[in-house]
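> Provided herewith is a single structure, encoded as structure tokens, for subsequent inquiry.
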Amino acid sequence: MQPLSRRNFAKSGAFTALSYSRILGANDRIRMGHIGLGNRGDQVHDGFLEHGDQQTIAICDLRPEYLDLAASKSRSNPTRYTDYRKLLDNKEVDAVSIATPDHWHALMFVDACRAGKDVYVEKPLSLTVAEGRKMVDVAAETKRVTQVGIHRRSARFLMEAAEFVRNGGIGHVTVAKGYHVMNEWPHGIGNPPDGPPPSEEEWDRWLGPAPKVPYNKNRTDYNFRWFYDYSGGQLTNFGVHYMDMIRWCLGKEAPAAVTAMGGKFAVQDNREVPDTLEVLWQFEGGTLVVFSQYNANAAPSNAQNSEMELRGTKGTMYLHGNRWEVVPEQILGHPRPVRTPIGRDEQRAIERGPRKPMIEPRSGKGSADTAFHARNFLDCVKSRAKCNCDILTGHISTSATLIGAIALKTRSFLEWDSKAERFTNNNDANRWLSYKYRAPYKL
Ligand SMILES: NC(=O)c1ccc[n+]([C@@H]2O[C@H](COP(=O)([O-])OP(=O)(O)OC[C@H]3O[C@@H](n4cnc5c(N)ncnc54)[C@H](O)[C@@H]3O)[C@@H](O)[C@H]2O)c1
């Protein structure tokens, strides 16, 4: 059973959504402020609005039309802000969600913790490893409840998948892969010229701690993902979801080494990040993890065209958006014969079989709706328990992708000391673990 949401509860016919919220006392409600209400922020807000025990009392964005939309959905006449620090000064706000571009996450998160708010923050957790570490430390110091928006962690069917693999259900996983496949050739996100921003003040606030550069439309709404000052491309976008799911299945923490190759090979737009990329991590215990980004060709990723696959000695798990399936391996019951020029037919017959499956086929399905992740956050705000994707979990998964981006940038094979959060075989690469904020911003 998934936890009860207002939509599901209302669907049961026992109460309407409104009556559900009315039966709650004021003390049972969590009064939230939502910061960043663009593409994802709107979805996160919808996920919270599913639950009658969350009340949207404050909203913040730089775009008035996004504030209008969020206010119209809220049914509670929230106070509107364009400066998130003013929202954090509002003592009525118990908790916040942050769904601004990646380069803003660390500052807003740290300020929110210090203002005494519990925090739901979108993935990737941070732009650099050093920021993520700071976020982990501040959350611990201030004893905040934190949830990172890697929402697969709250999906029941994926909990079952992860548990099955962790318990050895498909044997020893030697290779796990995540794919981002889409053909964006030739136009990609287009090539608009730099020019004056619609508002200098808004552009400056949007940039925040990032370097001051001329305005380009592609650097803002959604497409900021393709520029390194604000994000890390699909590696830190979808790659974080995949790395986290794979780590969860494997029951492993940080990787021990990483390397990467790729580039902007075909798409003709003004992005900085690759359209084609392979990142390869090695984990202790004998597992390779691969992120394959093919954005100039859309042929299926694998036998099932799934988002992820985990190749175990006894079976392969294919993970799709709303289902998973285990396909058993067929195992030869004895060593393979030596190939010689004499008796090839017999050798082939022995190699071909008989083989037998080591496990039964298995599958699961469900939904990874953001509302489940929001539900888990609300429950933990009340109980003070750790969320399904707490800040440390989000930091380890995000850091793995960030060191992949550093391997690409430095064209290196990098060994990673995950305790010290430093590379041990390439000191120059360590300088990419942090960056200097633009004045007057300080973390
Ligand atoms: N969990 C997921 O599956 C998922 C999906 C999509 C996006 N995301 C994450 O959500 C974040 C936002 O991505 P998006 O696609 O919504 O981008 P977006 O550009 O659509 O939205 C970002 C919003 O932040 C606002 N903003 C920027 N600077 C601000 C500031 N200083 N103060 C207040 N508001 C500010 C912008 O006006 C904009 O409305 C990213 O970190 C992204 O990785 C997560």
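We label chains A, B, ... in the order they appear in the structure tokens, count residues from 1 in each chain, and number ligands from 1 in the order shown.
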Using only C-alpha atoms and all ligand atoms, which residues of the polymer chains come no farther than 7 Å from ligand 1? I'd like the answer as a ChimeraX atom specification.
/A:35-41,60-63,66,82-84,99-102,104,122-124,149-151,205-208,220-222,224,237
> Can I get the selected residues back with C-alpha atoms, as a PDB file, in the first residue's frame?

ATOM      1  CA  ILE A  35      10.780  28.552  -3.628  1.00  0.00           C
ATOM      2  CA  GLY A  36      11.230  28.222  -7.404  1.00  0.00           C
ATOM      3  CA  LEU A  37       7.947  27.504  -9.175  1.00  0.00           C
ATOM      4  CA  GLY A  38       9.044  26.821 -12.745  1.00  0.00           C
ATOM      5  CA  ASN A  39       8.899  23.492 -14.546  1.00  0.00           C
ATOM      6  CA  ARG A  40       9.796  21.297 -11.552  1.00  0.00           C
ATOM      7  CA  GLY A  41       8.693  23.613  -8.756  1.00  0.00           C
ATOM      8  CA  CYS A  60       8.687  32.704  -4.154  1.00  0.00           C
ATOM      9  CA  ASP A  61       9.852  33.059  -7.738  1.00  0.00           C
ATOM     10  CA  LEU A  62      11.299  35.758  -9.967  1.00  0.00           C
ATOM     11  CA  ARG A  63       8.483  35.346 -12.510  1.00  0.00           C
ATOM     12  CA  TYR A  66       4.559  31.563 -12.106  1.00  0.00           C
ATOM     13  CA  THR A  82      10.598  37.505  -5.106  1.00  0.00           C
ATOM     14  CA  ASP A  83      13.399  37.478  -2.487  1.00  0.00           C
ATOM     15  CA  TYR A  84      13.681  34.054  -0.843  1.00  0.00           C
ATOM     16  CA  ALA A  99      13.254  23.936  -6.960  1.00  0.00           C
ATOM     17  CA  THR A 100      15.467  26.689  -8.333  1.00  0.00           C
ATOM     18  CA  PRO A 101      18.359  25.992 -10.768  1.00  0.00           C
ATOM     19  CA  ASP A 102      21.174  23.841  -9.326  1.00  0.00           C
ATOM     20  CA  TRP A 104      21.130  28.188  -6.155  1.00  0.00           C
ATOM     21  CA  GLU A 122      15.547  19.292  -5.669  1.00  0.00           C
ATOM     22  CA  LYS A 123      18.266  17.178  -7.240  1.00  0.00           C
ATOM     23  CA  PRO A 124      21.072  17.435  -8.170  1.00  0.00           C
ATOM     24  CA  GLY A 149      14.036  15.320  -4.706  1.00  0.00           C
ATOM     25  CA  ILE A 150      15.268  11.921  -5.931  1.00  0.00           C
ATOM     26  CA  HIS A 151      11.669  10.797  -5.785  1.00  0.00           C
ATOM     27  CA  ARG A 205      19.110  37.604  -9.072  1.00  0.00           C
ATOM     28  CA  TRP A 206      18.766  34.577 -11.320  1.00  0.00           C
ATOM     29  CA  LEU A 207      22.584  34.403 -11.645  1.00  0.00           C
ATOM     30  CA  GLY A 208      23.063  34.751  -7.887  1.00  0.00           C
ATOM     31  CA  THR A 220      17.543  30.580 -18.144  1.00  0.00           C
ATOM     32  CA  ASP A 221      14.243  28.598 -18.196  1.00  0.00           C
ATOM     33  CA  TYR A 222      14.914  24.858 -18.125  1.00  0.00           C
ATOM     34  CA  PHE A 224      20.225  26.352 -17.922  1.00  0.00           C
ATOM     35  CA  ASN A 237      20.114  15.723 -14.392  1.00  0.00           C
TER      36      ASN A 237
END
> Can you pull out every residue within 10 Å of Phe265 (chain A), counting only C-alpha atoms, but drop anything in the same chain fewer than 3 positions away, and send it as a ChimeraX atom specification?
/A:185,262,268,274-277,295-296
> Could you check how far CA of Lys386 (chain A) sits from CA of Ala368 (chain A), in Å to one decimal?
19.3 Å
> Using only C-alpha atoms, which protein or nucleic acid residues come within 12 Å of Gly171 (chain A)? Drop anything in the same chain fewer than 2 positions from it, and give the result as a ChimeraX atom specification.
/A:164-169,173-175,249-250,287,310-317,326,328-329,358-359
> Output N, CA and C atoms for every residue in that selection, as a PDB file, in the first residue's frame.

ATOM      1  N   PHE A 164      15.261  -6.589  -3.610  1.00  0.00           N
ATOM      2  CA  PHE A 164      15.495  -7.871  -4.283  1.00  0.00           C
ATOM      3  C   PHE A 164      16.948  -7.974  -4.759  1.00  0.00           C
ATOM      4  N   VAL A 165      17.450  -6.912  -5.371  1.00  0.00           N
ATOM      5  CA  VAL A 165      18.833  -6.949  -5.876  1.00  0.00           C
ATOM      6  C   VAL A 165      19.826  -6.969  -4.713  1.00  0.00           C
ATOM      7  N   ARG A 166      19.577  -6.118  -3.714  1.00  0.00           N
ATOM      8  CA  ARG A 166      20.482  -6.052  -2.551  1.00  0.00           C
ATOM      9  C   ARG A 166      20.600  -7.391  -1.848  1.00  0.00           C
ATOM     10  N   ASN A 167      19.506  -8.146  -1.836  1.00  0.00           N
ATOM     11  CA  ASN A 167      19.536  -9.459  -1.179  1.00  0.00           C
ATOM     12  C   ASN A 167      20.083 -10.554  -2.076  1.00  0.00           C
ATOM     13  N   GLY A 168      20.672 -10.180  -3.184  1.00  0.00           N
ATOM     14  CA  GLY A 168      21.325 -11.166  -4.042  1.00  0.00           C
ATOM     15  C   GLY A 168      20.392 -11.821  -5.051  1.00  0.00           C
ATOM     16  N   GLY A 169      19.217 -11.264  -5.264  1.00  0.00           N
ATOM     17  CA  GLY A 169      18.207 -11.871  -6.139  1.00  0.00           C
ATOM     18  C   GLY A 169      18.685 -12.121  -7.560  1.00  0.00           C
ATOM     19  N   VAL A 173      26.082  -8.404  -9.106  1.00  0.00           N
ATOM     20  CA  VAL A 173      25.913  -7.436 -10.203  1.00  0.00           C
ATOM     21  C   VAL A 173      27.297  -6.926 -10.592  1.00  0.00           C
ATOM     22  N   THR A 174      27.715  -7.272 -11.798  1.00  0.00           N
ATOM     23  CA  THR A 174      29.047  -6.837 -12.238  1.00  0.00           C
ATOM     24  C   THR A 174      28.979  -5.523 -13.030  1.00  0.00           C
ATOM     25  N   VAL A 175      27.822  -5.277 -13.678  1.00  0.00           N
ATOM     26  CA  VAL A 175      27.657  -4.051 -14.469  1.00  0.00           C
ATOM     27  C   VAL A 175      26.252  -3.500 -14.258  1.00  0.00           C
ATOM     28  N   CYS A 249      20.158  -0.193  -5.140  1.00  0.00           N
ATOM     29  CA  CYS A 249      20.066  -1.625  -5.466  1.00  0.00           C
ATOM     30  C   CYS A 249      21.316  -2.370  -5.005  1.00  0.00           C
ATOM     31  N   LEU A 250      22.469  -1.751  -5.200  1.00  0.00           N
ATOM     32  CA  LEU A 250      23.726  -2.428  -4.875  1.00  0.00           C
ATOM     33  C   LEU A 250      24.018  -2.398  -3.379  1.00  0.00           C
ATOM     34  N   THR A 287      31.968  -3.937  -9.136  1.00  0.00           N
ATOM     35  CA  THR A 287      30.852  -3.516  -9.992  1.00  0.00           C
ATOM     36  C   THR A 287      31.259  -2.274 -10.780  1.00  0.00           C
ATOM     37  N   LEU A 310      20.573  -3.768 -14.613  1.00  0.00           N
ATOM     38  CA  LEU A 310      21.580  -4.290 -13.682  1.00  0.00           C
ATOM     39  C   LEU A 310      21.859  -5.711 -14.103  1.00  0.00           C
ATOM     40  N   ARG A 311      23.113  -5.965 -14.480  1.00  0.00           N
ATOM     41  CA  ARG A 311      23.491  -7.279 -15.000  1.00  0.00           C
ATOM     42  C   ARG A 311      24.111  -8.109 -13.889  1.00  0.00           C
ATOM     43  N   GLY A 312      23.345  -9.080 -13.391  1.00  0.00           N
ATOM     44  CA  GLY A 312      23.822  -9.966 -12.330  1.00  0.00           C
ATOM     45  C   GLY A 312      24.239 -11.299 -12.908  1.00  0.00           C
ATOM     46  N   THR A 313      24.995 -12.069 -12.136  1.00  0.00           N
ATOM     47  CA  THR A 313      25.440 -13.382 -12.608  1.00  0.00           C
ATOM     48  C   THR A 313      24.250 -14.326 -12.827  1.00  0.00           C
ATOM     49  N   LYS A 314      23.130 -14.087 -12.109  1.00  0.00           N
ATOM     50  CA  LYS A 314      21.978 -14.987 -12.245  1.00  0.00           C
ATOM     51  C   LYS A 314      20.828 -14.396 -13.061  1.00  0.00           C
ATOM     52  N   GLY A 315      20.856 -13.083 -13.291  1.00  0.00           N
ATOM     53  CA  GLY A 315      19.761 -12.482 -14.048  1.00  0.00           C
ATOM     54  C   GLY A 315      20.008 -11.006 -14.277  1.00  0.00           C
ATOM     55  N   THR A 316      19.198 -10.432 -15.172  1.00  0.00           N
ATOM     56  CA  THR A 316      19.306  -8.999 -15.458  1.00  0.00           C
ATOM     57  C   THR A 316      18.023  -8.326 -15.023  1.00  0.00           C
ATOM     58  N   MET A 317      18.176  -7.227 -14.271  1.00  0.00           N
ATOM     59  CA  MET A 317      16.983  -6.450 -13.941  1.00  0.00           C
ATOM     60  C   MET A 317      16.918  -5.239 -14.869  1.00  0.00           C
ATOM     61  N   VAL A 326      12.830  -8.899 -14.169  1.00  0.00           N
ATOM     62  CA  VAL A 326      14.064  -9.680 -14.067  1.00  0.00           C
ATOM     63  C   VAL A 326      14.021 -10.792 -15.096  1.00  0.00           C
ATOM     64  N   PRO A 328      15.970 -14.106 -16.209  1.00  0.00           N
ATOM     65  CA  PRO A 328      17.003 -15.014 -15.693  1.00  0.00           C
ATOM     66  C   PRO A 328      18.110 -15.256 -16.713  1.00  0.00           C
ATOM     67  N   GLU A 329      19.328 -15.439 -16.215  1.00  0.00           N
ATOM     68  CA  GLU A 329      20.438 -15.889 -17.052  1.00  0.00           C
ATOM     69  C   GLU A 329      20.320 -17.404 -17.232  1.00  0.00           C
ATOM     70  N   MET A 358      18.917 -19.898 -13.337  1.00  0.00           N
ATOM     71  CA  MET A 358      19.272 -19.986 -11.913  1.00  0.00           C
ATOM     72  C   MET A 358      18.168 -19.404 -11.024  1.00  0.00           C
ATOM     73  N   ILE A 359      17.313 -18.561 -11.616  1.00  0.00           N
ATOM     74  CA  ILE A 359      16.253 -17.918 -10.828  1.00  0.00           C
ATOM     75  C   ILE A 359      14.969 -17.900 -11.651  1.00  0.00           C
TER      76      ILE A 359
END
> Residues near Gly364 (chain A), anyone? I mean within 12 Å using only C-alpha atoms, not counting same-chain ones fewer than 4 positions away, as a list of chain:residue names.
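Answer for this query is A:Ala155, A:Arg156, A:Phe157, A:Leu158, A:Met159, A:Glu160, A:Ala161, A:Ala162, A:Phe164, A:Met317, A:Tyr318, A:Leu319, A:His320, A:Gly321, A:Asn322, A:Arg323, A:Trp324, A:Glu325, A:Val326.
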> Could you please write out, as a short mmCIF file (atom, residue, chain, number, x, y, z; two decimals) with C-alpha atoms, in the first residue's frame, every residue of region 140-387 of chain A that DSSP assigns to strand (DSSP E or B)?

data_model
loop_
_atom_site.label_atom_id
_atom_site.label_comp_id
_atom_site.auth_asym_id
_atom_site.auth_seq_id
_atom_site.Cartn_x
_atom_site.Cartn_y
_atom_site.Cartn_z
CA THR A 146 15.74 17.06 4.79
CA GLN A 147 14.50 15.38 1.64
CA VAL A 148 16.36 15.50 -1.69
CA VAL A 173 25.91 -7.44 -10.20
CA THR A 174 29.05 -6.84 -12.24
CA VAL A 175 27.66 -4.05 -14.47
CA ALA A 176 24.85 -1.53 -13.96
CA LYS A 177 23.91 1.03 -16.59
CA GLY A 178 21.73 4.11 -16.86
CA TYR A 179 20.84 5.56 -20.26
CA HIS A 180 19.66 8.91 -21.52
CA VAL A 181 18.66 8.38 -25.13
CA MET A 182 17.08 11.07 -27.32
CA ASN A 183 17.88 12.45 -30.77
CA ALA A 257 37.22 5.59 -9.26
CA VAL A 258 35.74 7.33 -12.31
CA THR A 259 36.58 8.17 -15.89
CA ALA A 260 34.62 9.73 -18.77
CA MET A 261 34.71 10.52 -22.47
CA GLY A 262 32.37 12.50 -24.62
CA GLY A 263 31.68 15.84 -26.24
CA THR A 276 27.28 12.18 -26.38
CA LEU A 277 28.90 10.85 -23.22
CA GLU A 278 30.07 7.72 -21.44
CA VAL A 279 30.93 7.88 -17.76
CA LEU A 280 32.35 4.83 -16.03
CA TRP A 281 32.64 4.35 -12.26
CA GLN A 282 34.20 1.47 -10.37
CA PHE A 283 32.79 0.40 -7.01
CA THR A 287 30.85 -3.52 -9.99
CA LEU A 288 31.13 -1.12 -12.90
CA VAL A 289 28.45 1.55 -13.22
CA VAL A 290 27.98 3.28 -16.58
CA PHE A 291 26.03 6.36 -17.64
CA SER A 292 25.46 6.41 -21.40
CA GLN A 293 24.10 9.61 -22.86
CA TYR A 294 23.21 9.33 -26.53
CA ALA A 296 22.20 12.42 -31.25
CA ASN A 297 20.59 9.04 -31.89
CA MET A 308 18.49 1.28 -16.33
CA GLU A 309 19.75 -2.29 -16.34
CA LEU A 310 21.58 -4.29 -13.68
CA ARG A 311 23.49 -7.28 -15.00
CA GLY A 312 23.82 -9.97 -12.33
CA GLY A 315 19.76 -12.48 -14.05
CA THR A 316 19.31 -9.00 -15.46
CA MET A 317 16.98 -6.45 -13.94
CA TYR A 318 15.51 -3.91 -16.38
CA LEU A 319 14.17 -0.78 -14.70
CA ARG A 323 7.85 -1.20 -13.91
CA TRP A 324 10.80 -3.56 -13.55
CA GLU A 325 11.49 -7.00 -14.86
CA VAL A 326 14.06 -9.68 -14.07
CA VAL A 327 15.15 -11.89 -16.95
CA PRO A 328 17.00 -15.01 -15.69
CA GLN A 330 20.81 -19.35 -18.62
CA ILE A 331 23.83 -21.01 -16.99
CA LEU A 332 26.01 -23.83 -18.32
CA ARG A 355 21.72 -24.57 -19.77
CA LYS A 356 19.38 -23.84 -16.95
CA PRO A 357 17.95 -20.67 -15.43
CA ARG A 362 10.03 -11.73 -11.72
CA SER A 363 8.50 -8.31 -12.21
CA GLY A 364 6.92 -5.39 -10.40
CA LYS A 365 5.06 -2.24 -11.34
#
> What does the structure give for the distance between CA of Glu92 (chain A) and CA of Val121 (chain A), in Å to one decimal?
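Result for CA of Glu92 (chain A) versus CA of Val121 (chain A): 19.4 Å, one decimal.
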> Residues within 8 Å of Asn216 (chain A), please, as a PyMOL selection string. Count only C-alpha atoms; anything in the same chain fewer than 2 positions from it doesn't count.
chain A and resi 192-195+197+214+218-220
> Considering only C-alpha atoms, state which residue in the set A:Ile30, A:Ile246, A:Leu127, A:Leu107 is at the smallest distance from Val93 (chain A).
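Of A:Ile30, A:Ile246, A:Leu127, A:Leu107, the one nearest Val93 (chain A), counting only C-alpha atoms, is A:Ile30.
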> Please indicate the distance in Å from CA of Ala95 (chain A) to CA of Arg384 (chain A), rounded to one decimal place.
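Those two atoms sit 12.5 Å apart.
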> Among region 38-105 of chain A, which residues carry a DSSP assignment of helix (DSSP H, G or I), reported as a JSON list (two decimals) with N, CA and C atoms, in the first residue's frame?

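Written out: selection_18.json:
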[["chain", "number", "residue", "atom", "x", "y", "z"],
["A", 39, "ASN", "N", 9.25, 24.83, -14.06],
["A", 39, "ASN", "CA", 8.90, 23.49, -14.55],
["A", 39, "ASN", "C", 8.79, 22.47, -13.40],
["A", 40, "ARG", "N", 9.81, 22.31, -12.62],
["A", 40, "ARG", "CA", 9.80, 21.30, -11.55],
["A", 40, "ARG", "C", 9.08, 21.80, -10.30],
["A", 41, "GLY", "N", 9.31, 23.07, -9.96],
["A", 41, "GLY", "CA", 8.69, 23.61, -8.76],
["A", 41, "GLY", "C", 7.18, 23.47, -8.81],
["A", 42, "ASP", "N", 6.61, 23.67, -9.97],
["A", 42, "ASP", "CA", 5.15, 23.52, -10.15],
["A", 42, "ASP", "C", 4.74, 22.06, -9.88],
["A", 43, "GLN", "N", 5.54, 21.11, -10.36],
["A", 43, "GLN", "CA", 5.22, 19.68, -10.11],
["A", 43, "GLN", "C", 5.37, 19.34, -8.63],
["A", 44, "VAL", "N", 6.41, 19.86, -8.01],
["A", 44, "VAL", "CA", 6.64, 19.59, -6.58],
["A", 44, "VAL", "C", 5.48, 20.19, -5.77],
["A", 45, "HIS", "N", 5.10, 21.40, -6.13],
["A", 45, "HIS", "CA", 3.98, 22.06, -5.44],
["A", 45, "HIS", "C", 2.71, 21.21, -5.59],
["A", 46, "ASP", "N", 2.46, 20.74, -6.81],
["A", 46, "ASP", "CA", 1.29, 19.85, -7.03],
["A", 46, "ASP", "C", 1.39, 18.62, -6.13],
["A", 47, "GLY", "N", 2.59, 18.06, -6.02],
["A", 47, "GLY", "CA", 2.80, 16.86, -5.19],
["A", 47, "GLY", "C", 2.45, 17.14, -3.73],
["A", 48, "PHE", "N", 2.79, 18.33, -3.26],
["A", 48, "PHE", "CA", 2.46, 18.69, -1.86],
["A", 48, "PHE", "C", 0.97, 18.99, -1.72],
["A", 49, "LEU", "N", 0.39, 19.61, -2.76],
["A", 49, "LEU", "CA", -1.04, 19.96, -2.67],
["A", 49, "LEU", "C", -1.93, 18.71, -2.62],
["A", 64, "PRO", "N", 6.47, 36.71, -12.17],
["A", 64, "PRO", "CA", 5.12, 36.96, -11.62],
["A", 64, "PRO", "C", 4.07, 35.96, -12.13],
["A", 65, "GLU", "N", 4.22, 35.53, -13.41],
["A", 65, "GLU", "CA", 3.19, 34.62, -13.95],
["A", 65, "GLU", "C", 3.25, 33.24, -13.28],
["A", 66, "TYR", "N", 4.45, 32.83, -12.83],
["A", 66, "TYR", "CA", 4.56, 31.56, -12.11],
["A", 66, "TYR", "C", 3.95, 31.69, -10.71],
["A", 67, "LEU", "N", 4.14, 32.88, -10.12],
["A", 67, "LEU", "CA", 3.54, 33.13, -8.79],
["A", 67, "LEU", "C", 2.01, 33.13, -8.91],
["A", 68, "ASP", "N", 1.50, 33.72, -9.98],
["A", 68, "ASP", "CA", 0.03, 33.74, -10.19],
["A", 68, "ASP", "C", -0.50, 32.31, -10.26],
["A", 69, "LEU", "N", 0.19, 31.47, -11.05],
["A", 69, "LEU", "CA", -0.27, 30.09, -11.23],
["A", 69, "LEU", "C", -0.24, 29.34, -9.89],
["A", 70, "ALA", "N", 0.87, 29.48, -9.18],
["A", 70, "ALA", "CA", 0.99, 28.76, -7.89],
["A", 70, "ALA", "C", -0.06, 29.25, -6.90],
["A", 71, "ALA", "N", -0.30, 30.57, -6.89],
["A", 71, "ALA", "CA", -1.30, 31.12, -5.96],
["A", 71, "ALA", "C", -2.68, 30.58, -6.32],
["A", 72, "SER", "N", -2.96, 30.47, -7.62],
["A", 72, "SER", "CA", -4.30, 30.01, -8.04],
["A", 72, "SER", "C", -4.53, 28.56, -7.66],
["A", 73, "LYS", "N", -3.45, 27.78, -7.57],
["A", 73, "LYS", "CA", -3.60, 26.37, -7.20],
["A", 73, "LYS", "C", -3.71, 26.18, -5.68],
["A", 74, "SER", "N", -3.22, 27.16, -4.93],
["A", 74, "SER", "CA", -3.00, 26.95, -3.49],
["A", 74, "SER", "C", -4.26, 26.92, -2.64],
["A", 84, "TYR", "N", 13.91, 35.23, -1.70],
["A", 84, "TYR", "CA", 13.68, 34.05, -0.84],
["A", 84, "TYR", "C", 14.05, 34.31, 0.61],
["A", 85, "ARG", "N", 14.99, 35.26, 0.84],
["A", 85, "ARG", "CA", 15.39, 35.52, 2.23],
["A", 85, "ARG", "C", 14.24, 36.11, 3.03],
["A", 86, "LYS", "N", 13.39, 36.88, 2.34],
["A", 86, "LYS", "CA", 12.21, 37.45, 3.03],
["A", 86, "LYS", "C", 11.23, 36.34, 3.37],
["A", 87, "LEU", "N", 11.10, 35.37, 2.45],
["A", 87, "LEU", "CA", 10.22, 34.22, 2.75],
["A", 87, "LEU", "C", 10.76, 33.48, 3.98],
["A", 88, "LEU", "N", 12.08, 33.33, 4.05],
["A", 88, "LEU", "CA", 12.67, 32.61, 5.19],
["A", 88, "LEU", "C", 12.50, 33.37, 6.50],
["A", 89, "ASP", "N", 12.34, 34.71, 6.40],
["A", 89, "ASP", "CA", 12.09, 35.52, 7.62],
["A", 89, "ASP", "C", 10.68, 35.30, 8.16],
["A", 102, "ASP", "N", 20.22, 24.54, -10.20],
["A", 102, "ASP", "CA", 21.17, 23.84, -9.33],
["A", 102, "ASP", "C", 22.14, 24.79, -8.59],
["A", 103, "HIS", "N", 22.57, 25.86, -9.29],
["A", 103, "HIS", "CA", 23.59, 26.72, -8.67],
["A", 103, "HIS", "C", 23.05, 27.50, -7.47],
["A", 104, "TRP", "N", 21.74, 27.48, -7.29],
["A", 104, "TRP", "CA", 21.13, 28.19, -6.15],
["A", 104, "TRP", "C", 20.86, 27.25, -4.97],
["A", 105, "HIS", "N", 20.90, 25.93, -5.19],
["A", 105, "HIS", "CA", 20.44, 25.01, -4.15],
["A", 105, "HIS", "C", 21.18, 25.18, -2.83]]
> Write out as a PyMOL selection string the residues lying within 8 Å of Ser418 (chain A), counting only C-alpha atoms and excluding same-chain residues fewer than 6 positions away.
chain A and resi 254-256
